[in-house]
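This report concerns only the one structure given below.
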Amino acid sequence: MIRVILESSVAELAVVGRAGNEAFLCQSDKSRFPLLSQVDNVSYAVFGRSDMPQLVVELNSVAPKNGDHVAEIISLATRCRDEAGTILTFTPFTD
């Protein structure tokens, strides 16, 4: 499971995750998924607000089969884009 965390410099603001989501969040095609291809099940991938437009495009590409969970992640991406000082972290780790 990949957890997606919206965070500021002082706190986790929101967390979403779902068992098995690594099957669609961990993409290998770097040309189609320049950001999601950085997500894997062994390390952190951290994106800033300037990455959010591209991330939303990539998430929409994987959304048809996983719509409700992807919608949750897009909601966090939108907050990250709109709230100064936030980042969006994708991690396989629970702590």
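We label chains A, B, ... in the order they appear in the structure tokens, count residues from 1 in each chain, and number ligands from 1 in the order shown.
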Please identify which residues in chain A DSSP calls helix (DSSP H, G or I) from the backbone, and express them as a PDB file with N, CA and C atoms, in the first residue's frame.
```pdb
ATOM      1  N   GLU A  22      -0.607   0.390  -5.015  1.00  0.00           N
ATOM      2  CA  GLU A  22       0.684   0.450  -5.696  1.00  0.00           C
ATOM      3  C   GLU A  22       0.583  -0.089  -7.130  1.00  0.00           C
ATOM      4  N   ALA A  23      -0.417  -0.920  -7.391  1.00  0.00           N
ATOM      5  CA  ALA A  23      -0.597  -1.479  -8.735  1.00  0.00           C
ATOM      6  C   ALA A  23      -0.843  -0.388  -9.776  1.00  0.00           C
ATOM      7  N   PHE A  24      -1.440   0.741  -9.391  1.00  0.00           N
ATOM      8  CA  PHE A  24      -1.666   1.816 -10.354  1.00  0.00           C
ATOM      9  C   PHE A  24      -0.907   3.093 -10.032  1.00  0.00           C
ATOM     10  N   LEU A  25      -0.432   3.257  -8.808  1.00  0.00           N
ATOM     11  CA  LEU A  25       0.342   4.460  -8.488  1.00  0.00           C
ATOM     12  C   LEU A  25       1.810   4.326  -8.892  1.00  0.00           C
ATOM     13  N   LEU A  36       4.509   9.872 -11.569  1.00  0.00           N
ATOM     14  CA  LEU A  36       4.137   8.577 -10.969  1.00  0.00           C
ATOM     15  C   LEU A  36       5.217   7.519 -11.185  1.00  0.00           C
ATOM     16  N   SER A  37       6.074   7.689 -12.185  1.00  0.00           N
ATOM     17  CA  SER A  37       7.173   6.740 -12.367  1.00  0.00           C
ATOM     18  C   SER A  37       8.218   6.881 -11.257  1.00  0.00           C
ATOM     19  N   GLN A  38       8.144   7.945 -10.474  1.00  0.00           N
ATOM     20  CA  GLN A  38       9.041   8.125  -9.331  1.00  0.00           C
ATOM     21  C   GLN A  38       8.511   7.454  -8.061  1.00  0.00           C
ATOM     22  N   ARG A  49       4.058  22.011  -4.931  1.00  0.00           N
ATOM     23  CA  ARG A  49       2.855  22.568  -5.552  1.00  0.00           C
ATOM     24  C   ARG A  49       3.012  22.777  -7.056  1.00  0.00           C
ATOM     25  N   SER A  50       4.207  23.047  -7.548  1.00  0.00           N
ATOM     26  CA  SER A  50       4.382  23.235  -8.993  1.00  0.00           C
ATOM     27  C   SER A  50       4.226  21.926  -9.768  1.00  0.00           C
ATOM     28  N   ASP A  51       4.325  20.789  -9.094  1.00  0.00           N
ATOM     29  CA  ASP A  51       4.145  19.476  -9.727  1.00  0.00           C
ATOM     30  C   ASP A  51       2.675  19.069  -9.847  1.00  0.00           C
ATOM     31  N   MET A  52       1.804  19.746  -9.131  1.00  0.00           N
ATOM     32  CA  MET A  52       0.416  19.276  -9.024  1.00  0.00           C
ATOM     33  C   MET A  52      -0.350  19.227 -10.346  1.00  0.00           C
ATOM     34  N   PRO A  53      -0.211  20.212 -11.248  1.00  0.00           N
ATOM     35  CA  PRO A  53      -0.956  20.088 -12.509  1.00  0.00           C
ATOM     36  C   PRO A  53      -0.595  18.807 -13.277  1.00  0.00           C
ATOM     37  N   GLN A  54       0.693  18.507 -13.388  1.00  0.00           N
ATOM     38  CA  GLN A  54       1.123  17.288 -14.084  1.00  0.00           C
ATOM     39  C   GLN A  54       0.673  16.046 -13.329  1.00  0.00           C
ATOM     40  N   LEU A  55       0.757  16.065 -12.017  1.00  0.00           N
ATOM     41  CA  LEU A  55       0.329  14.915 -11.225  1.00  0.00           C
ATOM     42  C   LEU A  55      -1.151  14.621 -11.437  1.00  0.00           C
ATOM     43  N   VAL A  56      -1.965  15.639 -11.487  1.00  0.00           N
ATOM     44  CA  VAL A  56      -3.403  15.448 -11.711  1.00  0.00           C
ATOM     45  C   VAL A  56      -3.652  14.828 -13.089  1.00  0.00           C
ATOM     46  N   VAL A  57      -2.923  15.269 -14.099  1.00  0.00           N
ATOM     47  CA  VAL A  57      -3.055  14.674 -15.439  1.00  0.00           C
ATOM     48  C   VAL A  57      -2.741  13.179 -15.378  1.00  0.00           C
ATOM     49  N   GLU A  58      -1.651  12.833 -14.711  1.00  0.00           N
ATOM     50  CA  GLU A  58      -1.251  11.434 -14.610  1.00  0.00           C
ATOM     51  C   GLU A  58      -2.262  10.618 -13.803  1.00  0.00           C
ATOM     52  N   LEU A  59      -2.751  11.176 -12.725  1.00  0.00           N
ATOM     53  CA  LEU A  59      -3.750  10.468 -11.919  1.00  0.00           C
ATOM     54  C   LEU A  59      -5.040  10.246 -12.712  1.00  0.00           C
ATOM     55  N   ASN A  60      -5.435  11.231 -13.492  1.00  0.00           N
ATOM     56  CA  ASN A  60      -6.630  11.062 -14.320  1.00  0.00           C
ATOM     57  C   ASN A  60      -6.448   9.937 -15.341  1.00  0.00           C
ATOM     58  N   SER A  61      -5.213   9.687 -15.748  1.00  0.00           N
ATOM     59  CA  SER A  61      -4.941   8.590 -16.687  1.00  0.00           C
ATOM     60  C   SER A  61      -5.164   7.219 -16.061  1.00  0.00           C
ATOM     61  N   VAL A  62      -4.984   7.113 -14.754  1.00  0.00           N
ATOM     62  CA  VAL A  62      -5.182   5.822 -14.076  1.00  0.00           C
ATOM     63  C   VAL A  62      -6.529   5.751 -13.368  1.00  0.00           C
ATOM     64  N   ALA A  63      -7.309   6.816 -13.448  1.00  0.00           N
ATOM     65  CA  ALA A  63      -8.563   6.920 -12.703  1.00  0.00           C
ATOM     66  C   ALA A  63      -9.678   5.972 -13.123  1.00  0.00           C
ATOM     67  N   PRO A  64      -9.851   5.633 -14.400  1.00  0.00           N
ATOM     68  CA  PRO A  64     -11.034   4.853 -14.773  1.00  0.00           C
ATOM     69  C   PRO A  64     -11.267   3.590 -13.939  1.00  0.00           C
ATOM     70  N   LYS A  65     -10.206   2.892 -13.588  1.00  0.00           N
ATOM     71  CA  LYS A  65     -10.374   1.659 -12.817  1.00  0.00           C
ATOM     72  C   LYS A  65     -10.365   1.918 -11.313  1.00  0.00           C
ATOM     73  N   ASN A  66      -9.940   3.068 -10.909  1.00  0.00           N
ATOM     74  CA  ASN A  66      -9.689   3.333  -9.492  1.00  0.00           C
ATOM     75  C   ASN A  66     -10.243   4.692  -9.083  1.00  0.00           C
ATOM     76  N   GLY A  67     -11.371   5.072  -9.658  1.00  0.00           N
ATOM     77  CA  GLY A  67     -11.895   6.420  -9.568  1.00  0.00           C
ATOM     78  C   GLY A  67     -12.023   7.026  -8.201  1.00  0.00           C
ATOM     79  N   ASP A  68     -12.629   6.329  -7.254  1.00  0.00           N
ATOM     80  CA  ASP A  68     -12.874   6.958  -5.956  1.00  0.00           C
ATOM     81  C   ASP A  68     -11.585   7.222  -5.188  1.00  0.00           C
ATOM     82  N   HIS A  69     -10.655   6.294  -5.222  1.00  0.00           N
ATOM     83  CA  HIS A  69      -9.383   6.503  -4.510  1.00  0.00           C
ATOM     84  C   HIS A  69      -8.557   7.579  -5.206  1.00  0.00           C
ATOM     85  N   VAL A  70      -8.545   7.547  -6.531  1.00  0.00           N
ATOM     86  CA  VAL A  70      -7.824   8.578  -7.275  1.00  0.00           C
ATOM     87  C   VAL A  70      -8.432   9.949  -6.999  1.00  0.00           C
ATOM     88  N   ALA A  71      -9.740  10.029  -6.884  1.00  0.00           N
ATOM     89  CA  ALA A  71     -10.395  11.304  -6.558  1.00  0.00           C
ATOM     90  C   ALA A  71      -9.921  11.829  -5.207  1.00  0.00           C
ATOM     91  N   GLU A  72      -9.719  10.942  -4.244  1.00  0.00           N
ATOM     92  CA  GLU A  72      -9.188  11.363  -2.935  1.00  0.00           C
ATOM     93  C   GLU A  72      -7.791  11.961  -3.087  1.00  0.00           C
ATOM     94  N   ILE A  73      -6.961  11.307  -3.899  1.00  0.00           N
ATOM     95  CA  ILE A  73      -5.589  11.792  -4.097  1.00  0.00           C
ATOM     96  C   ILE A  73      -5.602  13.116  -4.850  1.00  0.00           C
ATOM     97  N   ILE A  74      -6.455  13.240  -5.860  1.00  0.00           N
ATOM     98  CA  ILE A  74      -6.564  14.499  -6.599  1.00  0.00           C
ATOM     99  C   ILE A  74      -7.020  15.627  -5.675  1.00  0.00           C
ATOM    100  N   SER A  75      -7.894  15.321  -4.741  1.00  0.00           N
ATOM    101  CA  SER A  75      -8.323  16.314  -3.766  1.00  0.00           C
ATOM    102  C   SER A  75      -7.129  16.816  -2.941  1.00  0.00           C
ATOM    103  N   LEU A  76      -6.262  15.895  -2.531  1.00  0.00           N
ATOM    104  CA  LEU A  76      -5.057  16.305  -1.796  1.00  0.00           C
ATOM    105  C   LEU A  76      -4.124  17.109  -2.694  1.00  0.00           C
ATOM    106  N   ALA A  77      -4.006  16.708  -3.960  1.00  0.00           N
ATOM    107  CA  ALA A  77      -3.155  17.443  -4.902  1.00  0.00           C
ATOM    108  C   ALA A  77      -3.671  18.867  -5.097  1.00  0.00           C
ATOM    109  N   THR A  78      -4.968  19.022  -5.150  1.00  0.00           N
ATOM    110  CA  THR A  78      -5.563  20.350  -5.294  1.00  0.00           C
ATOM    111  C   THR A  78      -5.260  21.210  -4.072  1.00  0.00           C
ATOM    112  N   ARG A  79      -5.375  20.611  -2.907  1.00  0.00           N
ATOM    113  CA  ARG A  79      -5.030  21.350  -1.679  1.00  0.00           C
ATOM    114  C   ARG A  79      -3.554  21.737  -1.686  1.00  0.00           C
ATOM    115  N   CYS A  80      -2.697  20.814  -2.119  1.00  0.00           N
ATOM    116  CA  CYS A  80      -1.264  21.091  -2.164  1.00  0.00           C
ATOM    117  C   CYS A  80      -0.977  22.264  -3.104  1.00  0.00           C
ATOM    118  N   ARG A  81      -1.638  22.271  -4.236  1.00  0.00           N
ATOM    119  CA  ARG A  81      -1.470  23.359  -5.203  1.00  0.00           C
ATOM    120  C   ARG A  81      -1.916  24.699  -4.612  1.00  0.00           C
ATOM    121  N   ASP A  82      -3.001  24.669  -3.849  1.00  0.00           N
ATOM    122  CA  ASP A  82      -3.617  25.902  -3.362  1.00  0.00           C
ATOM    123  C   ASP A  82      -3.090  26.391  -2.014  1.00  0.00           C
TER     124      ASP A  82
END
```
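Those residues in chain A carrying a DSSP assignment of strand (DSSP E or B), computed from the backbone, are Arg3, Val4, Ile5, Leu6, Glu7, Glu12, Leu13, Ala14, Val15, Val16, Gly17, Ala45, Val46, Phe47, Ile87, Leu88, Thr89, Phe90 and Thr91 of chain A.
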Kindly give the distance, in Å, that separates atom CA of A:Asp29 and atom CA of A:Val46, rounded to a single decimal.
-> 18.3 Å
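Going from atom CA of A:Met1 to atom CA of A:Arg32 covers 22.2 Å.
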Would you write out, as CSV, a table of all residues in stretch 6-82 of chain A that have an atom no more than 10 Å from an atom of stretch 89-94 of chain A, listing for each the closest atom pair and the distance in Å to one decimal, considering only C-alpha atoms and ordering rows by chain and rising residue number?
```
residue,atom,partner,partner_atom,distance
A:Leu6,CA,A:Thr89,CA,6.5
A:Glu7,CA,A:Thr89,CA,7.6
A:Val15,CA,A:Thr89,CA,9.5
A:Val16,CA,A:Phe90,CA,9.8
A:Gly17,CA,A:Phe90,CA,9.5
A:Glu22,CA,A:Pro92,CA,8.6
A:Leu25,CA,A:Phe90,CA,9.1
A:Cys26,CA,A:Phe90,CA,9.9
A:Leu36,CA,A:Phe90,CA,9.4
A:Gln38,CA,A:Phe90,CA,9.4
A:Val39,CA,A:Phe90,CA,6.6
A:Asp40,CA,A:Pro92,CA,7.6
A:Asn41,CA,A:Pro92,CA,5.3
A:Val42,CA,A:Pro92,CA,6.5
A:Ser43,CA,A:Thr91,CA,6.3
A:Tyr44,CA,A:Thr91,CA,4.8
A:Ala45,CA,A:Phe90,CA,5.1
A:Val46,CA,A:Thr89,CA,4.4
A:Phe47,CA,A:Thr89,CA,6.4
A:Gly48,CA,A:Thr89,CA,8.9
```
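Here atom CA of A:Ala14 stands at a distance of 29.3 Å from atom CA of A:Ser31.
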